[in-house]
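Heads up: the structure comes next, in structure tokens.
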Amino acid sequence: MPQPDKKIDYYAQRAEILRRLDILAEYQAVGLRVAANAGPNADGWLKCHSLYRPDKNPSAGINVGDGPQRGLYVDFGENGLGGKIWLARGIFDVIADVGSFYVTGRDAYFGLGRKVEVIEATDKRAPKPPPTLDEVKRFQKNLTPEIRQFLQDKRGISEASIAKYRLGWCTHRERHTIPVFDATPAGPRLVNIRFHNSKKQPKTINLSGYEEARLWGLDRLATAPQGSTVIITEGEFDCMLAEQETGCLGVSSTNGVKAFKPEWTNHFHGRHVVVMYDCDQEGREGVRNLILPAFKEAVTAGRVLSLIVVWLYDNQDKEHKDLTDWIVKDGGSGEALKKLITETPPYTYPTATSHLPKPIELASFTQIDKSEYAGQRVTVPLLVYGENSEAYHAVTRVRVTSCRALKEGKCTGPQGNPGACLEPIEVPLGHRVQLASVAASDTQLKGSLRDFVCDQDKRPALIVEDQDRLTLREVYAHQVVGPMSVDRTELVEKPIYVMGGGLVEIGKYQATGIVHSHPRKQQPTVLVDSLERLEEDYQTFDPDRARAQLAKLQALSPQEIVQDLAQHVTRIYERDDLHLGCLLTLCSPLWIDLPGEGRIRGWLSAIFIGDTGTGKTTIAQSIFEYVGVGTWVSGMTSSRTGITYACDYDERRGWRGLRGVGPLHQ
């Protein structure tokens, strides 16, 4: 083996690695929990929870200062802070102990040194010889009757399982040996040998040079039939026991609870998966933070048939935490285990839901201008007249990538929810921050999102993935206007924003959403979460439902219809010609062929000329309002502009010509 370069000052090299490392981040990467609201003291010591055992109160500390103790981890055991130090180790040894990537402190030293670019990335050490089946057989021969009895009594492993998994004993290391095989088209291939002794630290080590995390049992999983059940455990011995007692296939990730790789889920397609991790804090965190996220996409897509999480113990007890304890110490059995698996319901991934309040019904779109509806969810009829709606992307979820308050243990979380920043933060459907995406730059959008995420003005670093967005369309709408009335109606035209979906066609809709101030103009608008198309008046007519009434009308003569209208609608008598003129105008015999639309009813315009006070206006107005169609205009009260045309200036559209009542209905 090449000798290390004597010219290297390893003390200076170590100091430089520690200086460049983000000490807190590296410890947190292996599961360190900082005490709530804790910060480093004058000497750089930061209170934290133990990495080696569960503790209710902080009973350990790390040094993040700039002094000679930087990177050191101390644990006070069950005595808590202030007692006698139970353990004191440097960062490299601790990361190798509790992490999943580095096997020894030396590996962690060189790995982190390369990470911070203090040590060159090239590895000049001679490659280690690969494991061989001859070594496996030699270790098997070392099994004495006493060791076999130990495996049966303490591990519950039968003689058949000892032979099946090729277990052995390394006399030099004084450890049990567990060969690891990979799956290849030609069959299983030996890729590593694991050495285990629960009384040593670390409990399990790999063959030097072959420390890569692997899925133990992959060689058997590759040939397992579709529809079979696979049990995932936290250690190889638990895996052997689960397979032995249930008959189901067992697999386990090497290198510890945090070593499971998300891409391994591809091996489980078409199979039922049972997760049976240790019931201590590390096991529960591993399931919550690693296993469940890794399987989410495969389970929800149906590629993994089901996912069941089985906890053998409700409480955290280091003497009763895994399958071996459950079988060997507590008298569990294979039948009881199979029954427990069968009775445990499959895990269901939660879906993001927004609990929207019941909307307030508004009679007109113009009412959203009232300040009393700001921030309220409303439902209102409106008419969309902007066909070419413009699309934006609204944010539905954001992630915090870095935050000083979070690193210092001073973060209370968004809206006082500690720990929420460690997970993706959902943006509630209809929240005003989703309007910030309208014509906003990246800087402006990030500023709005920071205000939403953090109420302490800490300006955390954020990231928004492409899949964490939804389409937001800008359309223009105004209130629904019925038949023309005597009072002048001013159209209130406003942009509204519709969440999701394609282009919004022109038409009448029932819009439901939250009233917000526009992010640029501060004018009231609606962020629509539900847009329901309403039928036009002619589309709601049902001839079958009205058949009886139509039959009665059909039996009436024109004179009888006129008399009925005079008596019950207009209250204007002896003006049959005016009544009949209105009816003929409404019942136009004309028709128009429109390309792509087919034949539609045409329309007529009629002019009634006569003396003042003869009932012309009253008859037209009453009949048109009674039937709900048609428009009328009085020549006495209208101007030339109102009848013919007008010019109008709009800030958004500029100058435009408006048709009057006459050209509009010709």
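Following the order of the structure tokens, first chain is A, next is B, and so on, with residues numbered from 1 inside each chain and ligands from 1 in the order they appear.
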Query - DSSP-assigned alpha helix (DSSP H) members of range 198-340 of chain A, reported as a ChimeraX atom specification - result: /A:218-221,236-246,281-286,292-300,323-324,334-340
Query - Exercise: range 326-337 of chain A partners within 7 Å, only C-alpha atoms, chain neighbours under 3 positions left out, as a list in words - result: Lys154, Arg155, Gly156, Glu245, Thr246, His320, Asp322, Leu323, Leu340 and Ile341 of chain A
Export of prior selection with all heavy atoms as a PDB file, in the first residue's frame:
```
ATOM      1  N   LYS A 154     -30.346 -16.430  20.317  1.00  0.00           N
ATOM      2  CA  LYS A 154     -30.386 -14.971  20.413  1.00  0.00           C
ATOM      3  C   LYS A 154     -30.983 -14.301  19.178  1.00  0.00           C
ATOM      4  O   LYS A 154     -31.477 -13.178  19.274  1.00  0.00           O
ATOM      5  CB  LYS A 154     -28.968 -14.416  20.641  1.00  0.00           C
ATOM      6  CG  LYS A 154     -28.297 -14.937  21.914  1.00  0.00           C
ATOM      7  CD  LYS A 154     -29.079 -14.504  23.152  1.00  0.00           C
ATOM      8  CE  LYS A 154     -28.373 -14.954  24.428  1.00  0.00           C
ATOM      9  NZ  LYS A 154     -29.125 -14.550  25.646  1.00  0.00           N
ATOM     10  N   ARG A 155     -30.916 -14.981  18.055  1.00  0.00           N
ATOM     11  CA  ARG A 155     -31.418 -14.386  16.821  1.00  0.00           C
ATOM     12  C   ARG A 155     -32.637 -15.111  16.268  1.00  0.00           C
ATOM     13  O   ARG A 155     -33.304 -14.602  15.369  1.00  0.00           O
ATOM     14  CB  ARG A 155     -30.309 -14.381  15.754  1.00  0.00           C
ATOM     15  CG  ARG A 155     -29.177 -13.422  16.057  1.00  0.00           C
ATOM     16  CD  ARG A 155     -29.651 -11.984  15.926  1.00  0.00           C
ATOM     17  NE  ARG A 155     -28.623 -11.006  16.271  1.00  0.00           N
ATOM     18  CZ  ARG A 155     -28.817  -9.692  16.243  1.00  0.00           C
ATOM     19  NH1 ARG A 155     -29.997  -9.225  15.880  1.00  0.00           N
ATOM     20  NH2 ARG A 155     -27.855  -8.866  16.586  1.00  0.00           N
ATOM     21  N   GLY A 156     -32.919 -16.300  16.745  1.00  0.00           N
ATOM     22  CA  GLY A 156     -34.059 -17.067  16.243  1.00  0.00           C
ATOM     23  C   GLY A 156     -33.834 -17.659  14.869  1.00  0.00           C
ATOM     24  O   GLY A 156     -34.787 -18.099  14.223  1.00  0.00           O
ATOM     25  N   GLU A 245     -40.092 -16.912   9.146  1.00  0.00           N
ATOM     26  CA  GLU A 245     -41.323 -17.115   9.901  1.00  0.00           C
ATOM     27  C   GLU A 245     -42.594 -16.930   9.067  1.00  0.00           C
ATOM     28  O   GLU A 245     -43.635 -17.487   9.398  1.00  0.00           O
ATOM     29  CB  GLU A 245     -41.353 -16.159  11.096  1.00  0.00           C
ATOM     30  CG  GLU A 245     -40.249 -16.393  12.115  1.00  0.00           C
ATOM     31  CD  GLU A 245     -40.353 -17.774  12.747  1.00  0.00           C
ATOM     32  OE1 GLU A 245     -41.486 -18.229  13.028  1.00  0.00           O
ATOM     33  OE2 GLU A 245     -39.304 -18.416  12.945  1.00  0.00           O
ATOM     34  N   THR A 246     -42.535 -16.139   8.020  1.00  0.00           N
ATOM     35  CA  THR A 246     -43.760 -15.852   7.250  1.00  0.00           C
ATOM     36  C   THR A 246     -43.784 -16.523   5.888  1.00  0.00           C
ATOM     37  O   THR A 246     -44.859 -16.685   5.306  1.00  0.00           O
ATOM     38  CB  THR A 246     -43.918 -14.332   7.040  1.00  0.00           C
ATOM     39  OG1 THR A 246     -42.845 -13.851   6.220  1.00  0.00           O
ATOM     40  CG2 THR A 246     -43.913 -13.600   8.372  1.00  0.00           C
ATOM     41  N   HIS A 320     -36.739  -3.680  23.440  1.00  0.00           N
ATOM     42  CA  HIS A 320     -37.883  -4.275  22.740  1.00  0.00           C
ATOM     43  C   HIS A 320     -38.270  -3.345  21.589  1.00  0.00           C
ATOM     44  O   HIS A 320     -39.155  -2.495  21.730  1.00  0.00           O
ATOM     45  CB  HIS A 320     -39.074  -4.467  23.693  1.00  0.00           C
ATOM     46  CG  HIS A 320     -38.766  -5.303  24.896  1.00  0.00           C
ATOM     47  ND1 HIS A 320     -38.903  -6.676  24.896  1.00  0.00           N
ATOM     48  CD2 HIS A 320     -38.311  -4.961  26.127  1.00  0.00           C
ATOM     49  CE1 HIS A 320     -38.547  -7.144  26.085  1.00  0.00           C
ATOM     50  NE2 HIS A 320     -38.184  -6.126  26.846  1.00  0.00           N
ATOM     51  N   ASP A 322     -37.405  -4.421  17.791  1.00  0.00           N
ATOM     52  CA  ASP A 322     -37.380  -4.959  16.435  1.00  0.00           C
ATOM     53  C   ASP A 322     -38.011  -6.350  16.391  1.00  0.00           C
ATOM     54  O   ASP A 322     -38.512  -6.872  17.398  1.00  0.00           O
ATOM     55  CB  ASP A 322     -35.950  -4.988  15.887  1.00  0.00           C
ATOM     56  CG  ASP A 322     -34.992  -5.770  16.778  1.00  0.00           C
ATOM     57  OD1 ASP A 322     -35.466  -6.653  17.529  1.00  0.00           O
ATOM     58  OD2 ASP A 322     -33.778  -5.515  16.728  1.00  0.00           O
ATOM     59  N   LEU A 323     -37.987  -6.948  15.197  1.00  0.00           N
ATOM     60  CA  LEU A 323     -38.625  -8.246  15.009  1.00  0.00           C
ATOM     61  C   LEU A 323     -37.942  -9.337  15.833  1.00  0.00           C
ATOM     62  O   LEU A 323     -38.614 -10.235  16.354  1.00  0.00           O
ATOM     63  CB  LEU A 323     -38.611  -8.614  13.518  1.00  0.00           C
ATOM     64  CG  LEU A 323     -39.237  -9.962  13.162  1.00  0.00           C
ATOM     65  CD1 LEU A 323     -40.704 -10.018  13.576  1.00  0.00           C
ATOM     66  CD2 LEU A 323     -39.089 -10.255  11.666  1.00  0.00           C
ATOM     67  N   LEU A 340     -50.935 -10.122  11.967  1.00  0.00           N
ATOM     68  CA  LEU A 340     -50.746  -8.688  12.165  1.00  0.00           C
ATOM     69  C   LEU A 340     -50.603  -7.968  10.821  1.00  0.00           C
ATOM     70  O   LEU A 340     -51.171  -6.882  10.617  1.00  0.00           O
ATOM     71  CB  LEU A 340     -49.514  -8.442  13.034  1.00  0.00           C
ATOM     72  CG  LEU A 340     -49.161  -6.979  13.339  1.00  0.00           C
ATOM     73  CD1 LEU A 340     -50.301  -6.290  14.060  1.00  0.00           C
ATOM     74  CD2 LEU A 340     -47.871  -6.902  14.153  1.00  0.00           C
ATOM     75  N   ILE A 341     -49.884  -8.565   9.893  1.00  0.00           N
ATOM     76  CA  ILE A 341     -49.723  -7.968   8.567  1.00  0.00           C
ATOM     77  C   ILE A 341     -51.060  -7.907   7.846  1.00  0.00           C
ATOM     78  O   ILE A 341     -51.417  -6.893   7.221  1.00  0.00           O
ATOM     79  CB  ILE A 341     -48.686  -8.759   7.746  1.00  0.00           C
ATOM     80  CG1 ILE A 341     -47.292  -8.627   8.363  1.00  0.00           C
ATOM     81  CG2 ILE A 341     -48.675  -8.298   6.296  1.00  0.00           C
ATOM     82  CD1 ILE A 341     -46.243  -9.502   7.719  1.00  0.00           C
TER      83      ILE A 341
END
```
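For the pair CA of Gln444 in chain A and CA of His478 in chain A, the interatomic distance is 29.4 Å.
Taking CA of Val136 in chain A and CA of Lys261 in chain A as endpoints, the distance between them is 26.4 Å.
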**Report entry** Neighbour list for range 508-523 of chain A as a list in words, cut-off 7 Å, only C-alpha atoms, skip fewer than 6 positions in-chain
**Finding:** Ile368, Tyr373, Ala374, Gly375, Gln376, Arg377, Val378, Thr379, Val380, Pro381, Leu382, Leu383, Val384, Gly430, Arg432, Leu435, Ala436, Asp529, Ser530, Leu531, Glu532, Arg533 and Leu534 of chain A
Query raised in the report: Which of range 229-431 of chain A counts as strand (DSSP E or B) under DSSP, as a count of residues only please?
Result: 43
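Among the candidates A:Glu120, A:Thr254, A:Ala224, A:Phe452, the residue lying nearest to Ile178 in chain A is A:Thr254 (atoms considered: only C-alpha atoms).
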Query - Selection near Leu46 in chain A, 10 Å with only C-alpha atoms, sequence-local residues under 6 positions removed, as a PyMOL selection string - result: chain A and resi 24+34-35+38-40+60-65+73+408-409
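Here CA of Ser448 in chain A stands at a distance of 15.8 Å from CA of Tyr392 in chain A.
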Who sits within 10 Å of Asn255 in chain A, only C-alpha atoms, same chain under 2 positions skipped, as an mmCIF file with N, CA, C and O atoms, in the first residue's frame:
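around.cif, written as the output of this step:
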```cif
data_model
loop_
_atom_site.group_PDB
_atom_site.id
_atom_site.type_symbol
_atom_site.label_atom_id
_atom_site.label_comp_id
_atom_site.auth_asym_id
_atom_site.auth_seq_id
_atom_site.Cartn_x
_atom_site.Cartn_y
_atom_site.Cartn_z
ATOM 1 N N VAL A 98 -23.140 6.992 12.886
ATOM 2 C CA VAL A 98 -24.603 7.074 12.784
ATOM 3 C C VAL A 98 -25.086 7.311 11.370
ATOM 4 O O VAL A 98 -26.290 7.223 11.102
ATOM 5 N N GLY A 99 -24.182 7.635 10.449
ATOM 6 C CA GLY A 99 -24.597 7.866 9.071
ATOM 7 C C GLY A 99 -24.668 6.580 8.289
ATOM 8 O O GLY A 99 -24.555 5.476 8.817
ATOM 9 N N SER A 100 -24.849 6.726 6.977
ATOM 10 C CA SER A 100 -25.001 5.543 6.133
ATOM 11 C C SER A 100 -24.009 5.512 4.981
ATOM 12 O O SER A 100 -23.959 4.542 4.242
ATOM 13 N N PHE A 101 -23.188 6.577 4.816
ATOM 14 C CA PHE A 101 -22.323 6.649 3.648
ATOM 15 C C PHE A 101 -20.883 6.267 3.979
ATOM 16 O O PHE A 101 -20.230 5.573 3.221
ATOM 17 N N TYR A 102 -20.394 6.733 5.101
ATOM 18 C CA TYR A 102 -19.009 6.473 5.462
ATOM 19 C C TYR A 102 -18.937 5.315 6.454
ATOM 20 O O TYR A 102 -19.736 5.222 7.383
ATOM 21 N N VAL A 103 -17.961 4.445 6.276
ATOM 22 C CA VAL A 103 -17.824 3.276 7.132
ATOM 23 C C VAL A 103 -16.957 3.584 8.339
ATOM 24 O O VAL A 103 -17.265 3.185 9.460
ATOM 25 N N ARG A 194 -20.613 -8.582 4.817
ATOM 26 C CA ARG A 194 -20.872 -7.757 5.995
ATOM 27 C C ARG A 194 -20.438 -8.517 7.249
ATOM 28 O O ARG A 194 -20.639 -9.739 7.356
ATOM 29 N N THR A 204 -21.916 -3.233 12.670
ATOM 30 C CA THR A 204 -21.724 -3.909 11.385
ATOM 31 C C THR A 204 -20.767 -3.100 10.525
ATOM 32 O O THR A 204 -20.884 -1.871 10.433
ATOM 33 N N ILE A 205 -19.807 -3.786 9.892
ATOM 34 C CA ILE A 205 -18.889 -3.141 8.961
ATOM 35 C C ILE A 205 -18.908 -3.928 7.661
ATOM 36 O O ILE A 205 -19.326 -5.088 7.598
ATOM 37 N N ASN A 206 -18.461 -3.256 6.593
ATOM 38 C CA ASN A 206 -18.413 -3.878 5.276
ATOM 39 C C ASN A 206 -16.994 -4.321 4.953
ATOM 40 O O ASN A 206 -16.023 -3.885 5.583
ATOM 41 N N GLU A 211 -18.030 -0.622 0.379
ATOM 42 C CA GLU A 211 -18.950 -0.065 1.364
ATOM 43 C C GLU A 211 -20.244 0.480 0.768
ATOM 44 O O GLU A 211 -21.110 0.959 1.501
ATOM 45 N N GLU A 212 -20.394 0.438 -0.536
ATOM 46 C CA GLU A 212 -21.585 1.011 -1.164
ATOM 47 C C GLU A 212 -22.861 0.386 -0.594
ATOM 48 O O GLU A 212 -22.944 -0.831 -0.409
ATOM 49 N N ALA A 213 -23.831 1.238 -0.313
ATOM 50 C CA ALA A 213 -25.111 0.742 0.206
ATOM 51 C C ALA A 213 -25.809 -0.097 -0.855
ATOM 52 O O ALA A 213 -25.906 0.289 -2.021
ATOM 53 N N ARG A 214 -26.309 -1.261 -0.445
ATOM 54 C CA ARG A 214 -26.980 -2.171 -1.366
ATOM 55 C C ARG A 214 -28.242 -2.723 -0.725
ATOM 56 O O ARG A 214 -28.461 -2.573 0.485
ATOM 57 N N LEU A 215 -29.053 -3.349 -1.548
ATOM 58 C CA LEU A 215 -30.289 -3.962 -1.068
ATOM 59 C C LEU A 215 -30.021 -5.449 -0.851
ATOM 60 O O LEU A 215 -29.946 -6.234 -1.806
ATOM 61 N N GLU A 234 -35.052 -3.322 8.859
ATOM 62 C CA GLU A 234 -33.950 -2.386 9.052
ATOM 63 C C GLU A 234 -32.598 -3.094 9.106
ATOM 64 O O GLU A 234 -31.561 -2.458 8.969
ATOM 65 N N GLY A 235 -32.559 -4.396 9.311
ATOM 66 C CA GLY A 235 -31.304 -5.127 9.394
ATOM 67 C C GLY A 235 -31.429 -6.505 8.780
ATOM 68 O O GLY A 235 -32.525 -7.055 8.622
ATOM 69 N N SER A 252 -33.413 -5.951 2.919
ATOM 70 C CA SER A 252 -32.988 -4.924 3.867
ATOM 71 C C SER A 252 -31.868 -4.113 3.237
ATOM 72 O O SER A 252 -31.037 -4.650 2.500
ATOM 73 N N SER A 253 -31.862 -2.818 3.532
ATOM 74 C CA SER A 253 -30.780 -1.969 3.022
ATOM 75 C C SER A 253 -29.562 -2.125 3.915
ATOM 76 O O SER A 253 -29.669 -2.125 5.137
ATOM 77 N N VAL A 257 -30.210 2.564 8.733
ATOM 78 C CA VAL A 257 -31.597 2.966 8.539
ATOM 79 C C VAL A 257 -31.737 4.043 7.471
ATOM 80 O O VAL A 257 -32.795 4.169 6.850
ATOM 81 N N LYS A 258 -30.698 4.819 7.238
ATOM 82 C CA LYS A 258 -30.804 5.939 6.309
ATOM 83 C C LYS A 258 -30.220 5.642 4.933
ATOM 84 O O LYS A 258 -30.018 6.544 4.129
ATOM 85 N N ALA A 259 -29.956 4.364 4.652
ATOM 86 C CA ALA A 259 -29.256 4.014 3.422
ATOM 87 C C ALA A 259 -30.183 3.630 2.277
ATOM 88 O O ALA A 259 -29.712 3.365 1.174
ATOM 89 N N PHE A 260 -31.504 3.570 2.507
ATOM 90 C CA PHE A 260 -32.416 3.133 1.457
ATOM 91 C C PHE A 260 -32.431 4.171 0.328
ATOM 92 O O PHE A 260 -32.673 5.357 0.554
#
```
